[in-house]
>>> print(open('structure.cif').read())   # mmCIF, C-alpha atoms
data_entry
#
loop_
_atom_site.group_PDB
_atom_site.id
_atom_site.type_symbol
_atom_site.label_atom_id
_atom_site.label_comp_id
_atom_site.auth_asym_id
_atom_site.auth_seq_id
_atom_site.Cartn_x
_atom_site.Cartn_y
_atom_site.Cartn_z
ATOM 1 C CA MET X 10 -52.244 -86.584 0.757
ATOM 2 C CA GLU X 11 -53.238 -84.164 3.495
ATOM 3 C CA ASN X 12 -56.838 -82.913 3.694
ATOM 4 C CA ASN X 13 -57.188 -79.417 5.112
ATOM 5 C CA TYR X 14 -60.657 -78.809 6.488
ATOM 6 C CA GLN X 15 -61.602 -75.196 6.942
ATOM 7 C CA GLU X 16 -64.804 -74.089 8.604
ATOM 8 C CA TYR X 17 -66.464 -70.895 7.419
ATOM 9 C CA VAL X 18 -69.038 -68.539 8.859
ATOM 10 C CA THR X 19 -72.037 -68.684 6.533
ATOM 11 C CA PHE X 20 -75.004 -66.542 5.630
ATOM 12 C CA GLU X 21 -77.973 -66.905 3.328
ATOM 13 C CA ILE X 22 -79.167 -64.587 0.590
ATOM 14 C CA THR X 23 -82.318 -64.619 -1.503
ATOM 15 C CA THR X 24 -81.886 -64.087 -5.244
ATOM 16 C CA LYS X 25 -84.245 -62.019 -7.403
ATOM 17 C CA ASP X 26 -86.188 -65.160 -8.334
ATOM 18 C CA GLY X 27 -86.661 -66.099 -4.657
ATOM 19 C CA THR X 28 -84.042 -68.860 -4.511
ATOM 20 C CA LYS X 29 -82.136 -69.100 -1.226
ATOM 21 C CA VAL X 30 -78.363 -69.427 -1.606
ATOM 22 C CA GLU X 31 -75.919 -70.271 1.183
ATOM 23 C CA MET X 32 -72.650 -68.346 1.112
ATOM 24 C CA ALA X 33 -69.411 -68.570 3.070
ATOM 25 C CA VAL X 34 -67.608 -65.527 4.417
ATOM 26 C CA VAL X 35 -64.168 -65.772 2.805
ATOM 27 C CA ASP X 36 -62.990 -62.304 3.820
ATOM 28 C CA GLU X 37 -64.138 -59.129 5.532
ATOM 29 C CA PHE X 38 -62.966 -55.545 5.568
ATOM 30 C CA ASP X 39 -63.833 -51.994 6.585
ATOM 31 C CA PHE X 40 -64.190 -49.148 4.111
ATOM 32 C CA GLU X 41 -65.419 -45.613 4.793
ATOM 33 C CA LYS X 42 -66.680 -46.472 8.293
ATOM 34 C CA GLU X 43 -68.745 -49.446 7.031
ATOM 35 C CA HIS X 44 -68.039 -53.170 7.440
ATOM 36 C CA TYR X 45 -68.251 -55.533 4.468
ATOM 37 C CA VAL X 46 -68.057 -59.287 3.957
ATOM 38 C CA VAL X 47 -66.850 -61.096 0.870
ATOM 39 C CA GLY X 48 -68.939 -64.180 0.182
ATOM 40 C CA ALA X 49 -68.551 -67.223 -2.032
ATOM 41 C CA ILE X 50 -71.329 -69.629 -2.975
ATOM 42 C CA ILE X 51 -71.306 -72.983 -1.192
ATOM 43 C CA GLU X 52 -71.930 -75.999 -3.400
ATOM 44 C CA GLY X 53 -72.224 -79.210 -1.421
ATOM 45 C CA ASP X 54 -69.160 -79.353 0.813
ATOM 46 C CA THR X 55 -67.049 -76.976 -1.251
ATOM 47 C CA ILE X 56 -66.830 -73.289 -1.967
ATOM 48 C CA ASN X 57 -67.256 -72.173 -5.558
ATOM 49 C CA ASP X 58 -64.122 -70.263 -6.556
ATOM 50 C CA ASP X 59 -65.706 -68.777 -9.686
ATOM 51 C CA GLY X 60 -66.864 -65.585 -8.017
ATOM 52 C CA ARG X 61 -66.801 -63.426 -4.941
ATOM 53 C CA TYR X 62 -69.621 -61.133 -3.861
ATOM 54 C CA ILE X 63 -69.405 -58.148 -1.526
ATOM 55 C CA TYR X 64 -72.179 -57.302 0.936
ATOM 56 C CA ARG X 65 -72.531 -54.635 3.593
ATOM 57 C CA SER X 66 -72.450 -56.317 6.996
ATOM 58 C CA VAL X 67 -74.616 -55.146 9.894
ATOM 59 C CA MET X 68 -73.783 -56.465 13.353
ATOM 60 C CA ASN X 69 -76.612 -57.500 15.686
ATOM 61 C CA GLY X 70 -74.857 -58.381 18.932
ATOM 62 C CA GLU X 71 -72.934 -61.597 18.196
ATOM 63 C CA ASP X 72 -74.798 -62.151 14.897
ATOM 64 C CA PHE X 73 -74.724 -60.269 11.635
ATOM 65 C CA THR X 74 -76.930 -59.718 8.618
ATOM 66 C CA VAL X 75 -75.907 -58.736 5.124
ATOM 67 C CA GLU X 76 -77.338 -56.081 2.867
ATOM 68 C CA LYS X 77 -76.959 -55.912 -0.882
ATOM 69 C CA ILE X 78 -75.087 -52.844 -2.136
ATOM 70 C CA LYS X 79 -77.797 -51.482 -4.406
ATOM 71 C CA ARG X 80 -76.085 -48.727 -6.357
ATOM 72 C CA GLU X 81 -73.721 -50.005 -9.077
ATOM 73 C CA PHE X 82 -71.446 -47.001 -8.594
ATOM 74 C CA ASP X 83 -71.062 -47.748 -4.873
ATOM 75 C CA TYR X 84 -70.466 -51.468 -5.491
ATOM 76 C CA ARG X 85 -67.700 -50.760 -8.015
ATOM 77 C CA ARG X 86 -66.028 -48.246 -5.720
ATOM 78 C CA ILE X 87 -66.121 -50.673 -2.771
ATOM 79 C CA ALA X 88 -64.893 -53.574 -4.935
ATOM 80 C CA GLU X 89 -61.992 -51.478 -6.212
ATOM 81 C CA ALA X 90 -61.050 -50.545 -2.647
ATOM 82 C CA TYR X 91 -61.145 -54.223 -1.646
ATOM 83 C CA MET X 92 -58.982 -55.278 -4.612
ATOM 84 C CA SER X 93 -56.498 -52.547 -3.748
ATOM 85 C CA MET X 94 -56.354 -53.798 -0.140
ATOM 86 C CA GLU X 95 -55.767 -57.346 -1.397
ATOM 87 C CA GLU X 96 -52.917 -56.201 -3.647
ATOM 88 C CA ASP X 97 -51.326 -54.337 -0.732
ATOM 89 C CA CYS X 98 -51.515 -57.486 1.434
ATOM 90 C CA GLU X 99 -49.917 -59.602 -1.299
ATOM 91 C CA GLU X 100 -47.071 -57.096 -1.664
ATOM 92 C CA ASP X 101 -46.513 -57.117 2.107
ATOM 93 C CA GLU X 102 -46.245 -60.928 2.074
ATOM 94 C CA GLU X 103 -43.455 -60.865 -0.537
#
>>> encode(input="structure.cif", output="structure tokens")
Amino acid sequence: MENNYQEYVTFEITTKDGTKVEMAVVDEFDFEKEHYVVGAIIEGDTINDDGRYIYRSVMNGEDFTVEKIKREFDYRRIAEAYMSMEEDCEEDEE
């Protein structure tokens, strides 16, 4: 059995209750002149596949920080654009 090890860029967020959560960047994309990252929660040595979260990404030289998308309307619109991009990529692969 072959083990594929994949290394991810990570970032940390703080939840509403103050808990720090480490996330892996599993994808990134541009939409309306802004850059976004898609994160997944890291649990131990694995990535939790139960959910993906989108954050606005702000570059600081070689580093980046993430910002929560605060307005529900904006988040939904950005998520829909991302899902549409993903569907287009899947169709191109076929």
>>> atom_distance(input="structure.cif", atom1="CA of Asp83 in chain X", atom2="CA of Glu52 in chain X")
28.3 Å
>>> residues_around(input="structure.cif", residues="Lys79 in chain X", least_positions_apart="5", cutoff="12 Å", atoms="only C-alpha atoms", output="ChimeraX atom specification")
/X:63-65,84-85,87
>>> resolve_selection(input="structure.cif", expression="the PyMOL selection byres ((chain X and resi 91) around 12)", output="PDB file with C-alpha atoms, in the frame of the given file")
ATOM      1  CA  ASP X  36     -62.990 -62.304   3.820  1.00  0.00           C
ATOM      2  CA  GLU X  37     -64.138 -59.129   5.532  1.00  0.00           C
ATOM      3  CA  PHE X  38     -62.966 -55.545   5.568  1.00  0.00           C
ATOM      4  CA  ASP X  39     -63.833 -51.994   6.585  1.00  0.00           C
ATOM      5  CA  PHE X  40     -64.190 -49.148   4.111  1.00  0.00           C
ATOM      6  CA  GLU X  41     -65.419 -45.613   4.793  1.00  0.00           C
ATOM      7  CA  HIS X  44     -68.039 -53.170   7.440  1.00  0.00           C
ATOM      8  CA  TYR X  45     -68.251 -55.533   4.468  1.00  0.00           C
ATOM      9  CA  VAL X  46     -68.057 -59.287   3.957  1.00  0.00           C
ATOM     10  CA  VAL X  47     -66.850 -61.096   0.870  1.00  0.00           C
ATOM     11  CA  ARG X  61     -66.801 -63.426  -4.941  1.00  0.00           C
ATOM     12  CA  TYR X  62     -69.621 -61.133  -3.861  1.00  0.00           C
ATOM     13  CA  ILE X  63     -69.405 -58.148  -1.526  1.00  0.00           C
ATOM     14  CA  TYR X  64     -72.179 -57.302   0.936  1.00  0.00           C
ATOM     15  CA  TYR X  84     -70.466 -51.468  -5.491  1.00  0.00           C
ATOM     16  CA  ARG X  85     -67.700 -50.760  -8.015  1.00  0.00           C
ATOM     17  CA  ARG X  86     -66.028 -48.246  -5.720  1.00  0.00           C
ATOM     18  CA  ILE X  87     -66.121 -50.673  -2.771  1.00  0.00           C
ATOM     19  CA  ALA X  88     -64.893 -53.574  -4.935  1.00  0.00           C
ATOM     20  CA  GLU X  89     -61.992 -51.478  -6.212  1.00  0.00           C
ATOM     21  CA  ALA X  90     -61.050 -50.545  -2.647  1.00  0.00           C
ATOM     22  CA  MET X  92     -58.982 -55.278  -4.612  1.00  0.00           C
ATOM     23  CA  SER X  93     -56.498 -52.547  -3.748  1.00  0.00           C
ATOM     24  CA  MET X  94     -56.354 -53.798  -0.140  1.00  0.00           C
ATOM     25  CA  GLU X  95     -55.767 -57.346  -1.397  1.00  0.00           C
ATOM     26  CA  GLU X  96     -52.917 -56.201  -3.647  1.00  0.00           C
ATOM     27  CA  ASP X  97     -51.326 -54.337  -0.732  1.00  0.00           C
ATOM     28  CA  CYS X  98     -51.515 -57.486   1.434  1.00  0.00           C
TER      29      CYS X  98
END
>>> resolve_selection(input="structure.cif", expression="the PyMOL selection byres ((chain X and resi 20) around 12)", output="PDB file with C-alpha atoms, in the coordinates of the input")
ATOM      1  CA  TYR X  17     -66.464 -70.895   7.419  1.00  0.00           C
ATOM      2  CA  VAL X  18     -69.038 -68.539   8.859  1.00  0.00           C
ATOM      3  CA  THR X  19     -72.037 -68.684   6.533  1.00  0.00           C
ATOM      4  CA  GLU X  21     -77.973 -66.905   3.328  1.00  0.00           C
ATOM      5  CA  ILE X  22     -79.167 -64.587   0.590  1.00  0.00           C
ATOM      6  CA  THR X  23     -82.318 -64.619  -1.503  1.00  0.00           C
ATOM      7  CA  LYS X  29     -82.136 -69.100  -1.226  1.00  0.00           C
ATOM      8  CA  VAL X  30     -78.363 -69.427  -1.606  1.00  0.00           C
ATOM      9  CA  GLU X  31     -75.919 -70.271   1.183  1.00  0.00           C
ATOM     10  CA  MET X  32     -72.650 -68.346   1.112  1.00  0.00           C
ATOM     11  CA  ALA X  33     -69.411 -68.570   3.070  1.00  0.00           C
ATOM     12  CA  VAL X  34     -67.608 -65.527   4.417  1.00  0.00           C
ATOM     13  CA  VAL X  35     -64.168 -65.772   2.805  1.00  0.00           C
ATOM     14  CA  VAL X  46     -68.057 -59.287   3.957  1.00  0.00           C
ATOM     15  CA  VAL X  47     -66.850 -61.096   0.870  1.00  0.00           C
ATOM     16  CA  GLY X  48     -68.939 -64.180   0.182  1.00  0.00           C
ATOM     17  CA  ALA X  49     -68.551 -67.223  -2.032  1.00  0.00           C
ATOM     18  CA  ILE X  50     -71.329 -69.629  -2.975  1.00  0.00           C
ATOM     19  CA  ILE X  51     -71.306 -72.983  -1.192  1.00  0.00           C
ATOM     20  CA  TYR X  64     -72.179 -57.302   0.936  1.00  0.00           C
ATOM     21  CA  SER X  66     -72.450 -56.317   6.996  1.00  0.00           C
ATOM     22  CA  ASP X  72     -74.798 -62.151  14.897  1.00  0.00           C
ATOM     23  CA  PHE X  73     -74.724 -60.269  11.635  1.00  0.00           C
ATOM     24  CA  THR X  74     -76.930 -59.718   8.618  1.00  0.00           C
ATOM     25  CA  VAL X  75     -75.907 -58.736   5.124  1.00  0.00           C
ATOM     26  CA  GLU X  76     -77.338 -56.081   2.867  1.00  0.00           C
TER      27      GLU X  76
END
>>> atom_distance(input="structure.cif", atom1="CA of Val67 in chain X", atom2="CA of Lys42 in chain X")
11.9 Å
>>> atom_distance(input="structure.cif", atom1="CA of Ile78 in chain X", atom2="CA of Gln15 in chain X")
27.6 Å
>>> closest_residue(input="structure.cif", among="X:Gly70, X:Phe82, X:Lys77, X:Ile56", to="Lys25 in chain X", atoms="all atoms listed in the file")
X:Lys77
>>> axis_aligned_box(input="structure.cif", around="range 16-27 of chain X", padding_each_side="6 Å", output="lines of an AutoDock Vina configuration file")
center_x = -75.7
center_y = -68.1
center_z = 0.3
size_x = 33.9
size_y = 24.1
size_z = 29.2
>>> closest_residue(input="structure.cif", among="X:Glu81, X:Glu71, X:Asp54, X:Asp59", to="Glu16 in chain X", atoms="all atoms listed in the file")
X:Asp54
>>> decode(input="structure.cif", residues="range 66-96 of chain X", atoms="N, CA and C atoms", output="mmCIF file, in the first residue's frame")
data_model
loop_
_atom_site.group_PDB
_atom_site.id
_atom_site.type_symbol
_atom_site.label_atom_id
_atom_site.label_comp_id
_atom_site.auth_asym_id
_atom_site.auth_seq_id
_atom_site.Cartn_x
_atom_site.Cartn_y
_atom_site.Cartn_z
ATOM 1 N N SER X 66 -7.860 36.396 1.804
ATOM 2 C CA SER X 66 -6.431 36.301 2.048
ATOM 3 C C SER X 66 -5.770 37.650 1.759
ATOM 4 N N VAL X 67 -4.928 38.086 2.684
ATOM 5 C CA VAL X 67 -4.207 39.349 2.520
ATOM 6 C C VAL X 67 -2.719 39.042 2.553
ATOM 7 N N MET X 68 -2.032 39.364 1.468
ATOM 8 C CA MET X 68 -0.599 39.084 1.373
ATOM 9 C C MET X 68 0.210 40.156 2.100
ATOM 10 N N ASN X 69 1.207 39.695 2.842
ATOM 11 C CA ASN X 69 2.162 40.564 3.542
ATOM 12 C C ASN X 69 3.558 40.110 3.148
ATOM 13 N N GLY X 70 4.026 40.562 1.983
ATOM 14 C CA GLY X 70 5.311 40.084 1.482
ATOM 15 C C GLY X 70 5.196 38.618 1.106
ATOM 16 N N GLU X 71 6.003 37.755 1.730
ATOM 17 C CA GLU X 71 5.947 36.319 1.477
ATOM 18 C C GLU X 71 4.878 35.628 2.319
ATOM 19 N N ASP X 72 4.398 36.277 3.363
ATOM 20 C CA ASP X 72 3.401 35.718 4.273
ATOM 21 C C ASP X 72 2.001 36.174 3.894
ATOM 22 N N PHE X 73 1.016 35.584 4.547
ATOM 23 C CA PHE X 73 -0.352 36.017 4.346
ATOM 24 C C PHE X 73 -1.119 35.905 5.658
ATOM 25 N N THR X 74 -2.186 36.677 5.750
ATOM 26 C CA THR X 74 -3.116 36.554 6.865
ATOM 27 C C THR X 74 -4.493 36.314 6.261
ATOM 28 N N VAL X 75 -5.386 35.802 7.075
ATOM 29 C CA VAL X 75 -6.747 35.575 6.595
ATOM 30 C C VAL X 75 -7.705 36.447 7.372
ATOM 31 N N GLU X 76 -8.778 36.818 6.692
ATOM 32 C CA GLU X 76 -9.836 37.609 7.311
ATOM 33 C C GLU X 76 -11.156 36.882 7.097
ATOM 34 N N LYS X 77 -11.956 36.840 8.126
ATOM 35 C CA LYS X 77 -13.280 36.245 8.019
ATOM 36 C C LYS X 77 -14.139 37.123 7.107
ATOM 37 N N ILE X 78 -14.965 36.498 6.291
ATOM 38 C CA ILE X 78 -15.916 37.223 5.453
ATOM 39 C C ILE X 78 -17.148 37.423 6.330
ATOM 40 N N LYS X 79 -17.364 38.637 6.772
ATOM 41 C CA LYS X 79 -18.338 38.913 7.826
ATOM 42 C C LYS X 79 -19.787 38.917 7.373
ATOM 43 N N ARG X 80 -20.050 39.408 6.196
ATOM 44 C CA ARG X 80 -21.443 39.491 5.738
ATOM 45 C C ARG X 80 -21.867 38.167 5.106
ATOM 46 N N GLU X 81 -22.954 37.601 5.595
ATOM 47 C CA GLU X 81 -23.476 36.318 5.092
ATOM 48 C C GLU X 81 -23.735 36.368 3.589
ATOM 49 N N PHE X 82 -24.291 37.477 3.129
ATOM 50 C CA PHE X 82 -24.568 37.637 1.700
ATOM 51 C C PHE X 82 -23.289 37.517 0.883
ATOM 52 N N ASP X 83 -22.231 38.199 1.318
ATOM 53 C CA ASP X 83 -20.949 38.143 0.606
ATOM 54 C C ASP X 83 -20.384 36.730 0.628
ATOM 55 N N TYR X 84 -20.433 36.069 1.794
ATOM 56 C CA TYR X 84 -19.879 34.719 1.914
ATOM 57 C C TYR X 84 -20.592 33.769 0.937
ATOM 58 N N ARG X 85 -21.899 33.833 0.896
ATOM 59 C CA ARG X 85 -22.659 32.951 -0.002
ATOM 60 C C ARG X 85 -22.308 33.205 -1.462
ATOM 61 N N ARG X 86 -22.192 34.469 -1.812
ATOM 62 C CA ARG X 86 -21.871 34.831 -3.200
ATOM 63 C C ARG X 86 -20.481 34.324 -3.580
ATOM 64 N N ILE X 87 -19.517 34.466 -2.676
ATOM 65 C CA ILE X 87 -18.150 34.010 -2.925
ATOM 66 C C ILE X 87 -18.108 32.480 -2.976
ATOM 67 N N ALA X 88 -18.833 31.826 -2.071
ATOM 68 C CA ALA X 88 -18.873 30.359 -2.059
ATOM 69 C C ALA X 88 -19.495 29.824 -3.348
ATOM 70 N N GLU X 89 -20.551 30.463 -3.819
ATOM 71 C CA GLU X 89 -21.175 30.034 -5.065
ATOM 72 C C GLU X 89 -20.221 30.198 -6.241
ATOM 73 N N ALA X 90 -19.466 31.294 -6.257
ATOM 74 C CA ALA X 90 -18.490 31.503 -7.324
ATOM 75 C C ALA X 90 -17.418 30.424 -7.274
ATOM 76 N N TYR X 91 -16.965 30.081 -6.078
ATOM 77 C CA TYR X 91 -15.944 29.034 -5.925
ATOM 78 C C TYR X 91 -16.483 27.682 -6.411
ATOM 79 N N MET X 92 -17.701 27.335 -6.007
ATOM 80 C CA MET X 92 -18.281 26.055 -6.426
ATOM 81 C C MET X 92 -18.446 25.998 -7.939
ATOM 82 N N SER X 93 -18.801 27.119 -8.540
ATOM 83 C CA SER X 93 -18.927 27.184 -9.987
ATOM 84 C C SER X 93 -17.566 26.972 -10.658
ATOM 85 N N MET X 94 -16.523 27.575 -10.092
ATOM 86 C CA MET X 94 -15.164 27.384 -10.623
ATOM 87 C C MET X 94 -14.747 25.922 -10.521
ATOM 88 N N GLU X 95 -15.072 25.283 -9.402
ATOM 89 C CA GLU X 95 -14.740 23.876 -9.195
ATOM 90 C C GLU X 95 -15.457 22.999 -10.223
ATOM 91 N N GLU X 96 -16.722 23.269 -10.475
ATOM 92 C CA GLU X 96 -17.478 22.501 -11.456
ATOM 93 C C GLU X 96 -16.878 22.670 -12.844
#
